[in-house]
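Structure file entry_5.tsv (TSV, C-alpha atoms and all ligand atoms) follows.
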```
chain	number	residue	atom	x	y	z
W	109	MET	CA	0.00	0.00	0.00
W	110	ALA	CA	1.21	3.55	-0.73
W	111	PHE	CA	1.92	5.54	2.41
W	112	GLY	CA	0.15	8.83	1.79
W	113	GLN	CA	1.28	10.95	4.74
W	114	LYS	CA	3.95	13.67	4.55
W	115	HIS	CA	3.89	14.68	8.22
W	116	CYS	CA	2.86	13.32	11.59
W	117	VAL	CA	1.40	16.34	13.38
W	118	THR	CA	-1.71	14.41	14.40
W	119	LEU	CA	-3.02	10.99	13.40
W	120	ASP	CA	-6.34	12.50	12.31
W	121	ALA	CA	-5.68	12.14	8.57
W	122	TYR	CA	-4.13	8.68	8.85
W	123	SER	CA	-6.22	5.78	7.59
W	124	ALA	CA	-6.50	2.54	9.54
W	125	GLY	CA	-4.45	0.99	6.72
W	126	GLU	CA	-1.63	3.51	7.17
W	127	LEU	CA	-1.58	3.04	10.94
W	128	THR	CA	-1.46	-0.71	10.46
W	129	GLU	CA	1.35	-0.30	7.92
W	130	ILE	CA	3.41	1.55	10.55
W	131	LEU	CA	2.69	-1.08	13.21
W	132	ASP	CA	3.42	-4.00	10.86
W	133	LEU	CA	6.76	-2.47	9.89
W	134	ALA	CA	7.57	-1.74	13.55
W	135	VAL	CA	6.97	-5.41	14.38
W	136	ARG	CA	9.26	-6.53	11.53
W	137	GLN	CA	12.01	-4.03	12.40
W	138	LYS	CA	11.81	-4.93	16.10
W	139	ALA	CA	12.17	-8.63	15.33
W	140	ASP	CA	15.07	-8.21	12.90
W	141	ALA	CA	17.43	-5.21	12.76
W	142	GLU	CA	18.40	-6.21	9.20
W	143	VAL	CA	14.99	-4.93	8.07
W	144	TYR	CA	15.92	-1.30	8.83
W	145	ARG	CA	19.64	-1.73	8.10
W	146	ARG	CA	18.67	-2.66	4.54
W	147	THR	CA	16.70	0.60	4.15
W	148	PRO	CA	18.72	3.41	5.78
W	149	VAL	CA	16.27	6.08	4.60
W	150	LEU	CA	18.08	8.83	6.54
W	151	LYS	CA	21.55	8.20	5.11
W	152	ASN	CA	23.26	11.59	4.55
W	153	LYS	CA	20.22	13.32	6.06
W	154	ALA	CA	19.89	15.53	9.13
W	155	VAL	CA	16.80	15.75	11.31
W	156	GLY	CA	16.31	18.60	13.78
W	157	LEU	CA	14.95	17.78	17.23
W	158	VAL	CA	13.68	21.10	18.55
W	159	PHE	CA	12.22	20.63	22.04
W	160	GLU	CA	10.58	23.49	23.97
W	161	LYS	CA	9.93	21.12	26.89
W	162	PRO	CA	12.08	18.48	28.61
W	163	SER	CA	12.06	14.84	27.49
W	164	LEU	CA	13.73	11.52	28.20
W	165	ARG	CA	11.94	8.87	26.15
W	166	THR	CA	11.02	10.92	23.10
W	167	ARG	CA	14.42	12.51	22.67
W	168	LEU	CA	16.41	9.31	23.21
W	169	SER	CA	14.15	7.10	21.11
W	170	PHE	CA	14.18	9.56	18.20
W	171	GLU	CA	17.96	10.09	18.38
W	172	VAL	CA	18.56	6.33	18.43
W	173	ALA	CA	16.06	5.64	15.64
W	174	ILE	CA	17.55	8.42	13.45
W	175	ALA	CA	21.05	6.94	13.96
W	176	GLN	CA	19.76	3.42	13.17
W	177	LEU	CA	18.29	4.75	9.92
W	178	GLY	CA	21.68	6.22	8.97
W	179	GLY	CA	20.88	9.86	9.73
W	180	GLN	CA	22.10	12.58	12.06
W	181	ALA	CA	19.97	14.16	14.78
W	182	ILE	CA	20.59	17.77	15.78
W	183	TYR	CA	19.07	18.71	19.14
W	184	LEU	CA	17.97	22.18	20.26
W	185	GLY	CA	16.54	22.12	23.78
W	186	PRO	CA	14.30	24.34	25.93
W	187	GLU	CA	17.19	26.75	26.60
W	188	ALA	CA	16.89	27.89	22.97
W	189	GLY	CA	13.49	29.37	23.89
W	190	ARG	CA	10.11	28.85	22.30
W	191	ILE	CA	9.81	28.63	18.54
W	192	GLY	CA	8.41	31.95	17.36
W	193	GLU	CA	9.96	33.96	20.20
W	194	ARG	CA	13.21	35.06	18.59
W	195	GLU	CA	11.80	35.25	15.09
W	196	PRO	CA	8.49	34.39	13.42
W	197	VAL	CA	7.62	30.67	13.16
W	198	LEU	CA	7.52	31.16	9.39
W	199	ASP	CA	11.20	32.20	9.32
W	200	PHE	CA	12.17	29.41	11.74
W	201	ALA	CA	10.52	26.86	9.45
W	202	LYS	CA	11.80	28.18	6.13
W	203	VAL	CA	15.38	28.74	7.31
W	204	SER	CA	15.71	25.44	9.24
W	205	ALA	CA	14.39	23.48	6.26
W	206	ARG	CA	17.34	24.82	4.20
W	207	TYR	CA	19.64	22.78	6.48
W	208	LEU	CA	17.41	19.93	7.66
W	209	ASP	CA	15.64	17.06	5.96
W	210	GLY	CA	12.96	16.86	8.65
W	211	PHE	CA	11.73	18.22	11.97
W	212	VAL	CA	10.85	16.46	15.21
W	213	LEU	CA	9.24	19.17	17.33
W	214	ARG	CA	8.07	19.25	20.95
W	215	VAL	CA	6.10	22.44	21.47
W	216	HIS	CA	3.60	24.16	23.71
W	217	ASP	CA	1.38	25.64	21.02
W	218	HIS	CA	0.11	23.00	18.59
W	219	SER	CA	-0.34	25.58	15.81
W	220	VAL	CA	3.48	25.94	15.60
W	221	LEU	CA	3.59	22.37	14.22
W	222	GLU	CA	0.92	23.15	11.67
W	223	GLU	CA	2.75	26.26	10.54
W	224	CYS	CA	6.05	24.39	10.19
W	225	ALA	CA	4.32	21.64	8.22
W	226	LYS	CA	2.76	24.24	5.93
W	227	HIS	CA	5.89	26.31	5.30
W	228	GLY	CA	8.93	24.10	5.97
W	229	GLY	CA	8.62	21.80	2.97
W	230	VAL	CA	10.12	18.82	4.87
W	231	PRO	CA	8.39	16.22	7.09
W	232	VAL	CA	7.27	17.48	10.51
W	233	ILE	CA	6.82	14.98	13.34
W	234	ASN	CA	5.00	15.97	16.52
W	235	ALA	CA	7.07	14.92	19.53
W	236	LEU	CA	4.29	16.24	21.85
W	237	SER	CA	2.29	19.43	21.87
W	238	ASP	CA	-0.19	20.78	24.43
W	239	ASP	CA	-2.87	19.19	22.28
W	240	ARG	CA	-1.52	15.86	20.99
W	241	HIS	CA	1.16	13.17	21.34
W	242	PRO	CA	0.75	11.00	18.22
W	243	CYS	CA	4.07	9.13	18.48
W	244	GLN	CA	3.12	8.05	21.98
W	245	ALA	CA	-0.12	6.64	20.59
W	246	LEU	CA	1.76	4.71	17.89
W	247	GLY	CA	3.97	3.08	20.52
W	248	ASP	CA	0.91	2.41	22.68
W	249	MET	CA	-0.97	0.71	19.84
W	250	LEU	CA	2.09	-1.45	19.17
W	251	THR	CA	2.15	-2.40	22.87
W	252	ILE	CA	-1.57	-3.21	22.94
W	253	ARG	CA	-1.20	-5.36	19.83
W	254	GLU	CA	1.76	-7.22	21.37
W	255	LYS	CA	0.23	-7.72	24.79
W	256	LEU	CA	-3.38	-8.45	23.83
W	257	GLY	CA	-2.80	-9.99	20.41
W	258	LYS	CA	-5.30	-7.55	18.89
W	259	ILE	CA	-6.36	-3.91	18.77
W	260	ALA	CA	-9.82	-4.26	17.19
W	261	GLY	CA	-12.25	-5.15	19.94
W	262	ALA	CA	-9.76	-4.40	22.75
W	263	ARG	CA	-11.31	-2.59	25.70
W	264	ILE	CA	-9.12	0.30	26.83
W	265	ALA	CA	-9.96	2.28	29.98
W	266	TYR	CA	-8.20	5.63	30.34
W	267	VAL	CA	-8.51	7.07	33.84
W	268	GLY	CA	-7.59	10.67	34.66
W	269	ASP	CA	-6.94	13.81	32.63
W	270	PRO	CA	-8.15	13.60	28.98
W	271	ASN	CA	-4.94	15.34	27.86
W	272	ASN	CA	-2.66	15.27	24.81
W	273	VAL	CA	-1.73	11.60	25.41
W	274	CYS	CA	-5.36	10.56	25.89
W	275	LYS	CA	-6.53	12.39	22.77
W	276	SER	CA	-3.96	10.79	20.46
W	277	LEU	CA	-4.70	7.40	22.00
W	278	ALA	CA	-8.42	7.94	21.37
W	279	VAL	CA	-7.86	8.84	17.70
W	280	ALA	CA	-5.72	5.75	17.08
W	281	ALA	CA	-7.92	3.41	19.14
W	282	CYS	CA	-11.05	4.56	17.33
W	283	LYS	CA	-9.53	4.15	13.85
W	284	LEU	CA	-8.22	0.68	14.70
W	285	GLY	CA	-11.51	-0.57	16.13
W	286	ALA	CA	-10.85	-0.55	19.88
W	287	GLU	CA	-13.43	0.43	22.49
W	288	MET	CA	-12.12	3.16	24.74
W	289	VAL	CA	-13.73	4.52	27.90
W	290	ILE	CA	-12.36	7.72	29.45
W	291	ALA	CA	-13.12	8.28	33.13
W	292	SER	CA	-12.60	11.88	34.25
W	293	PRO	CA	-14.24	14.56	36.42
W	294	HIS	CA	-17.09	16.56	34.89
W	295	HIS	CA	-15.08	19.68	34.15
W	296	TYR	CA	-12.29	17.76	32.46
W	297	ARG	CA	-13.83	16.31	29.33
W	298	LEU	CA	-13.02	16.14	25.63
W	299	ASP	CA	-14.21	19.22	23.79
W	300	ASP	CA	-16.85	19.05	21.07
W	301	GLY	CA	-14.38	20.04	18.35
W	302	PHE	CA	-12.15	17.11	19.21
W	303	ARG	CA	-15.05	14.62	19.46
W	304	LYS	CA	-15.84	15.35	15.80
W	305	VAL	CA	-12.35	14.18	14.85
W	306	LEU	CA	-12.97	10.72	16.28
W	307	LYS	CA	-13.82	8.34	13.44
W	308	GLY	CA	-14.78	4.67	13.91
W	309	PRO	CA	-15.03	1.68	13.55
W	310	GLY	CA	-14.04	1.85	17.23
W	311	LYS	CA	-15.84	3.79	19.92
W	312	VAL	CA	-14.85	6.34	22.54
W	313	ARG	CA	-17.15	6.91	25.51
W	314	GLU	CA	-16.75	9.23	28.49
W	315	GLU	CA	-17.89	8.74	32.01
W	316	SER	CA	-17.23	9.98	35.55
W	317	ASP	CA	-17.06	6.68	37.44
W	318	PRO	CA	-13.54	5.17	37.28
W	319	GLN	CA	-14.73	1.83	38.69
W	320	ALA	CA	-17.34	1.42	35.96
W	321	ALA	CA	-14.78	2.46	33.32
W	322	VAL	CA	-12.14	-0.12	34.23
W	323	ALA	CA	-14.52	-3.04	34.95
W	324	GLY	CA	-13.53	-5.83	32.56
W	325	ALA	CA	-10.99	-3.70	30.66
W	326	ASP	CA	-8.14	-5.32	28.72
W	327	ALA	CA	-5.84	-2.31	29.23
W	328	VAL	CA	-5.99	0.39	31.89
W	329	TYR	CA	-4.09	3.57	31.08
W	330	THR	CA	-3.31	6.72	33.03
W	331	ASP	CA	-1.10	9.79	32.71
W	332	VAL	CA	-0.10	12.67	34.98
W	333	TRP	CA	-2.81	15.01	36.29
W	334	THR	CA	-0.68	18.08	35.58
W	335	SER	CA	0.98	18.17	32.18
W	336	MET	CA	4.03	20.24	31.29
W	337	GLY	CA	2.99	23.88	31.18
W	338	GLN	CA	0.08	23.46	33.65
W	339	GLU	CA	2.20	23.64	36.81
W	340	GLU	CA	0.23	26.58	38.27
W	341	GLU	CA	-2.90	24.40	38.34
W	342	ALA	CA	-1.18	21.48	40.09
W	343	ASP	CA	-2.85	21.84	43.51
W	344	ALA	CA	-6.36	22.23	42.13
W	345	ARG	CA	-5.83	19.32	39.76
W	346	ALA	CA	-4.48	17.06	42.52
W	347	ARG	CA	-7.71	17.63	44.47
W	348	VAL	CA	-10.14	17.05	41.62
W	349	PHE	CA	-8.35	14.02	40.14
W	350	ARG	CA	-7.73	12.26	43.49
W	351	PRO	CA	-10.69	9.83	43.04
W	352	TYR	CA	-9.18	8.84	39.67
W	353	GLN	CA	-5.96	7.41	41.06
W	354	LEU	CA	-4.94	4.08	39.54
W	355	ASN	CA	-4.52	2.05	42.74
W	356	GLU	CA	-4.91	-1.53	43.90
W	357	ALA	CA	-8.62	-1.11	44.75
W	358	LEU	CA	-9.39	0.18	41.25
W	359	MET	CA	-7.26	-2.48	39.55
W	360	ALA	CA	-9.20	-5.18	41.43
W	361	LYS	CA	-11.99	-4.40	38.92
W	362	ALA	CA	-9.69	-5.31	36.00
W	363	PRO	CA	-7.61	-8.24	37.25
W	364	LYS	CA	-6.56	-9.33	33.74
W	365	ALA	CA	-5.79	-5.90	32.28
W	366	VAL	CA	-2.36	-4.62	31.40
W	367	VAL	CA	-1.45	-1.33	33.10
W	368	MET	CA	-0.12	1.40	30.83
W	369	HIS	CA	1.41	4.83	31.46
W	370	CYS	CA	3.31	6.96	28.94
W	371	LEU	CA	5.79	8.01	31.70
W	372	PRO	CA	7.14	10.00	33.42
W	373	ALA	CA	4.85	8.90	36.27
W	374	HIS	CA	4.24	10.61	39.58
W	375	ARG	CA	4.10	7.59	41.87
W	376	GLY	CA	1.61	8.19	44.69
W	377	GLU	CA	-0.39	10.67	42.59
W	378	GLU	CA	-2.09	9.31	39.45
W	379	VAL	CA	-0.74	5.79	40.06
W	380	THR	CA	0.41	3.92	43.15
W	381	GLU	CA	3.83	2.32	43.34
W	382	GLY	CA	2.17	-1.09	43.83
W	383	VAL	CA	0.30	-0.78	40.54
W	384	ILE	CA	3.01	0.69	38.32
W	385	ASP	CA	5.63	-1.74	39.67
W	386	GLY	CA	3.12	-4.63	39.88
W	387	PRO	CA	2.70	-7.71	37.68
W	388	GLN	CA	0.10	-6.13	35.39
W	389	SER	CA	2.32	-3.18	34.45
W	390	VAL	CA	3.83	-3.10	30.94
W	391	VAL	CA	5.23	0.43	31.15
W	392	TYR	CA	8.83	-0.39	30.24
W	393	ASP	CA	7.86	-2.45	27.19
W	394	GLN	CA	5.58	0.45	26.31
W	395	ALA	CA	8.48	2.91	26.60
W	396	GLU	CA	10.69	0.66	24.44
W	397	ASN	CA	8.02	0.50	21.77
W	398	ARG	CA	8.35	4.25	21.20
W	399	LEU	CA	11.64	3.45	19.47
W	400	HIS	CA	10.20	0.75	17.22
W	401	ALA	CA	7.07	2.73	16.30
W	402	GLN	CA	8.98	5.94	15.51
W	403	ARG	CA	11.65	4.12	13.50
W	404	ALA	CA	8.89	2.56	11.39
W	405	LEU	CA	7.10	5.92	11.07
W	406	MET	CA	10.29	7.64	9.85
W	407	THR	CA	11.08	4.77	7.46
W	408	LEU	CA	7.73	5.43	5.77
W	409	LEU	CA	7.75	9.25	5.98
W	410	PHE	CA	11.30	9.59	4.62
W	411	ALA	CA	11.18	6.76	2.08
K	501	LIG	N1	6.30	9.65	27.22
K	501	LIG	C1	7.11	10.67	26.86
K	501	LIG	O1	6.87	11.36	25.88
K	501	LIG	O2	8.19	10.83	27.67
K	501	LIG	P1	9.24	12.05	27.60
K	501	LIG	O3	8.51	13.28	28.05
K	501	LIG	O4	10.33	11.65	28.54
K	501	LIG	O5	9.71	12.17	26.20
K	502	LIG	N1	0.65	14.70	29.39
K	502	LIG	C1	2.05	14.77	29.67
K	502	LIG	C2	2.78	13.75	28.86
K	502	LIG	C3	4.27	13.71	29.07
K	502	LIG	C4	4.93	12.70	28.19
K	502	LIG	C5	2.55	16.17	29.39
K	502	LIG	O1	2.13	16.77	28.40
K	502	LIG	O2	3.33	16.69	30.18
```

This structure in structure tokens:
Amino acid sequence: MAFGQKHCVTLDAYSAGELTEILDLAVRQKADAEVYRRTPVLKNKAVGLVFEKPSLRTRLSFEVAIAQLGGQAIYLGPEAGRIGEREPVLDFAKVSARYLDGFVLRVHDHSVLEECAKHGGVPVINALSDDRHPCQALGDMLTIREKLGKIAGARIAYVGDPNNVCKSLAVAACKLGAEMVIASPHHYRLDDGFRKVLKGPGKVREESDPQAAVAGADAVYTDVWTSMGQEEEADARARVFRPYQLNEALMAKAPKAVVMHCLPAHRGEEVTEGVIDGPQSVVYDQAENRLHAQRALMTLLFA
């Protein structure tokens, strides 16, 4: 099948076939390094990693994947300031694209990614924005497929803040036929604009009762209550999300589920130590799968 995407700013325009193509290739590359060594699509190419926010997993997994595909990663971190601060985003995009063959960008404002995709003329990959985290969702889908043997029909419960991670997971889950339930407090719900983006065959449902959401789930997922950039709201969020903690009592409702978290985790806040370090947790395999999913994504985007 022809891979039709030029960028990965969100997964909204990706077909189920394209998502499956990425996951299939990730599985093949993970099983046998010769598969990507034979197609070093980034040979003699440079990819800029411009990160306005800190990162461990995303930065390392992209740098390693770029090296494995024969390319060079050039990192600019938060100390370089926000994109658009020193000069217009338009100039950042047009100038950088004269040196680079692609961008991996971690930004506050999601529209910066869209502007770079529009004006840069080279592939733009979203390494997290305030609104979305598509590469996380690709790694998560790979993990669900590995652990459950399927994505279509899988029951995923997401408990906590319906944030960037949750939204990208919902888009991918819905396209690939999973059933996702999001349990969150009333004032923290998906907005109507985003709900329109969700396209089946899967389903995404919201509810306020975490116990009902996780009952019988195949995968139970959570993320921090306070995302990067929301630090001033941390106290208020800790109070309102407290009943949504992933703890032993809640996990008793889903004794067969795998426990997922994009990491970094705040042990004792959104998840207890017993749960994240317990036998149901797959968080380190999940973190590893970022590498395999992103390597496959870049193989297809840069082919
Ligand atoms: N999950 C994730 O994106 O982790 P980092 O913030 O460490 O990149
Ligand atoms: N929702 C978190 C994810 C970190 C990987 C954040 O945006 O900070």

Restricting the calculation to all atoms listed in the file, which member of W:Ala173, W:Leu157, W:Leu198, W:Ile384 is positioned closest to His369 in chain W?
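Smallest distance to His369 in chain W is found for W:Ile384.
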
Counting only C-alpha atoms and all ligand atoms, what are the residues, protein, DNA or RNA alike, that approach ligand LIG 501 (chain K) to within 6 Å? I want them as a list in words.
Ser163, Leu164, Arg165, Thr166, Arg167, Cys370, Leu371 and Pro372 of chain W

Excluding same-chain residues fewer than 4 positions from Asp217 in chain W, what lies within 9 Å of it counting all atoms listed in the file, as a list of chain:residue names?
W:Leu221, W:Ser237, W:Asp238, W:Asp239

Which range 271-385 of chain W residues have any atom within 6 Å of an atom of range 249-261 of chain W, and for each, what is the nearest pair of atoms with distance in Å to one decimal, counting only C-alpha atoms, rows sorted by chain and number, as JSON lines?
```
{"residue": "W:Leu284", "atom": "CA", "partner": "W:Ala260", "partner_atom": "CA", "distance": 5.8}
{"residue": "W:Gly285", "atom": "CA", "partner": "W:Ala260", "partner_atom": "CA", "distance": 4.2}
{"residue": "W:Ala286", "atom": "CA", "partner": "W:Ala260", "partner_atom": "CA", "distance": 4.7}
```

Show me, as JSON lines, the residues of chain W having an atom within 10 Å of ligand LIG 502 (chain K), each with the closest atom pair and its distance in Å, using all atoms listed in the file.
```
{"residue": "W:Lys161", "atom": "CA", "partner": "K:LIG502", "partner_atom": "O2", "distance": 8.6}
{"residue": "W:Pro162", "atom": "CA", "partner": "K:LIG502", "partner_atom": "O2", "distance": 9.1}
{"residue": "W:Ser163", "atom": "CA", "partner": "K:LIG502", "partner_atom": "C4", "distance": 7.5}
{"residue": "W:Leu164", "atom": "CA", "partner": "K:LIG502", "partner_atom": "C4", "distance": 8.9}
{"residue": "W:Arg165", "atom": "CA", "partner": "K:LIG502", "partner_atom": "C4", "distance": 8.2}
{"residue": "W:Thr166", "atom": "CA", "partner": "K:LIG502", "partner_atom": "C4", "distance": 8.1}
{"residue": "W:Arg214", "atom": "CA", "partner": "K:LIG502", "partner_atom": "O1", "distance": 9.8}
{"residue": "W:Val215", "atom": "CA", "partner": "K:LIG502", "partner_atom": "O1", "distance": 9.8}
{"residue": "W:His216", "atom": "CA", "partner": "K:LIG502", "partner_atom": "O1", "distance": 8.9}
{"residue": "W:Ala235", "atom": "CA", "partner": "K:LIG502", "partner_atom": "C4", "distance": 9.2}
{"residue": "W:Leu236", "atom": "CA", "partner": "K:LIG502", "partner_atom": "O1", "distance": 6.9}
{"residue": "W:Ser237", "atom": "CA", "partner": "K:LIG502", "partner_atom": "O1", "distance": 7.1}
{"residue": "W:Asp238", "atom": "CA", "partner": "K:LIG502", "partner_atom": "O1", "distance": 6.1}
{"residue": "W:Asp239", "atom": "CA", "partner": "K:LIG502", "partner_atom": "O1", "distance": 8.3}
{"residue": "W:Arg240", "atom": "CA", "partner": "K:LIG502", "partner_atom": "O1", "distance": 8.3}
{"residue": "W:His241", "atom": "CA", "partner": "K:LIG502", "partner_atom": "C2", "distance": 7.7}
{"residue": "W:Gln244", "atom": "CA", "partner": "K:LIG502", "partner_atom": "C4", "distance": 8.0}
{"residue": "W:Asp269", "atom": "CA", "partner": "K:LIG502", "partner_atom": "N1", "distance": 8.3}
{"residue": "W:Pro270", "atom": "CA", "partner": "K:LIG502", "partner_atom": "N1", "distance": 8.9}
{"residue": "W:Asn271", "atom": "CA", "partner": "K:LIG502", "partner_atom": "N1", "distance": 5.8}
{"residue": "W:Asn272", "atom": "CA", "partner": "K:LIG502", "partner_atom": "N1", "distance": 5.7}
{"residue": "W:Val273", "atom": "CA", "partner": "K:LIG502", "partner_atom": "N1", "distance": 5.6}
{"residue": "W:Cys274", "atom": "CA", "partner": "K:LIG502", "partner_atom": "N1", "distance": 8.1}
{"residue": "W:Thr330", "atom": "CA", "partner": "K:LIG502", "partner_atom": "N1", "distance": 9.6}
{"residue": "W:Asp331", "atom": "CA", "partner": "K:LIG502", "partner_atom": "N1", "distance": 6.2}
{"residue": "W:Val332", "atom": "CA", "partner": "K:LIG502", "partner_atom": "N1", "distance": 6.0}
{"residue": "W:Trp333", "atom": "CA", "partner": "K:LIG502", "partner_atom": "N1", "distance": 7.7}
{"residue": "W:Thr334", "atom": "CA", "partner": "K:LIG502", "partner_atom": "O2", "distance": 6.9}
{"residue": "W:Ser335", "atom": "CA", "partner": "K:LIG502", "partner_atom": "O2", "distance": 3.4}
{"residue": "W:Met336", "atom": "CA", "partner": "K:LIG502", "partner_atom": "O2", "distance": 3.8}
{"residue": "W:Gly337", "atom": "CA", "partner": "K:LIG502", "partner_atom": "O2", "distance": 7.3}
{"residue": "W:Gln338", "atom": "CA", "partner": "K:LIG502", "partner_atom": "O2", "distance": 8.3}
{"residue": "W:Glu339", "atom": "CA", "partner": "K:LIG502", "partner_atom": "O2", "distance": 9.7}
{"residue": "W:His369", "atom": "CA", "partner": "K:LIG502", "partner_atom": "C4", "distance": 9.2}
{"residue": "W:Cys370", "atom": "CA", "partner": "K:LIG502", "partner_atom": "C4", "distance": 6.0}
{"residue": "W:Leu371", "atom": "CA", "partner": "K:LIG502", "partner_atom": "C4", "distance": 5.9}
{"residue": "W:Pro372", "atom": "CA", "partner": "K:LIG502", "partner_atom": "C4", "distance": 6.3}
{"residue": "W:Ala373", "atom": "CA", "partner": "K:LIG502", "partner_atom": "C3", "distance": 8.7}
```

W:Ala395, W:Val267, W:Ala404, W:Ala278 ranked by distance to Asn355 in chain W, top pick (using only C-alpha atoms):
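Under the stated criterion, the closest residue is W:Val267.
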
Return the single residue from W:Val348, W:Ala325, W:Leu246, W:Gly189 that is closest to Tyr296 in chain W, with distances computed using only C-alpha atoms.
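Residue with the minimum atom-to-atom distance to Tyr296 in chain W: W:Val348.
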
Using only C-alpha atoms, the residue out of W:His115, W:Lys283, W:Arg263, W:Lys138 with shortest distance to Glu223 in chain W is W:His115

Please list as a PyMOL selection string every residue within 9 Å of Ala320 in chain W, counting all atoms listed in the file and excluding residues in the same chain fewer than 4 positions away.
chain W and resi 291+315-316+324+361

Any idea what the distance is between CA of Arg347 in chain W and CA of Asp317 in chain W?
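Rounded to one decimal, the two atoms are 16.0 Å apart.
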
Option closest in space to Thr407 in chain W, from W:Phe159, W:Val220, W:Pro231, W:Ala139 [counting only C-alpha atoms]:
W:Pro231

Leaving out Glu171 in chain W and any residue of its chain fewer than 3 positions from it, which residues lie within 9 Å of it when counting all atoms listed in the file, given as a PyMOL selection string?
chain W and resi 157+166-168+174-176+180-183

I'd like the contact shell of Val322 in chain W - 10 Å cut-off, all atoms listed in the file, skipping same-chain residues fewer than 5 positions apart - returned as JSON, numbers by chain.
{"W": [263, 264, 265, 266, 267, 289, 290, 291, 317, 327, 328, 329, 354, 358, 359, 360, 361, 362, 363, 365]}

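Minimum distance to Leu405 in chain W across W:Lys226, W:Arg194, W:Pro186, W:Ala245 (counting only C-alpha atoms) occurs at W:Ala245.
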
Need the shell around Leu408 in chain W: protein/DNA/RNA residues with any atom at most 9 Å away, counting all atoms listed in the file. Skip same-chain ones fewer than 2 positions apart. Format as a PyMOL selection string?
chain W and resi 111+113+129-130+133+149+403-406+410-411

What is the distance, in Å and to one decimal place, between CA of Gly179 in chain W and CA of Asp209 in chain W?
9.7 Å

Two-atom distance - CA of Gln394 in chain W, CA of Cys116 in chain W (Å)
19.7 Å
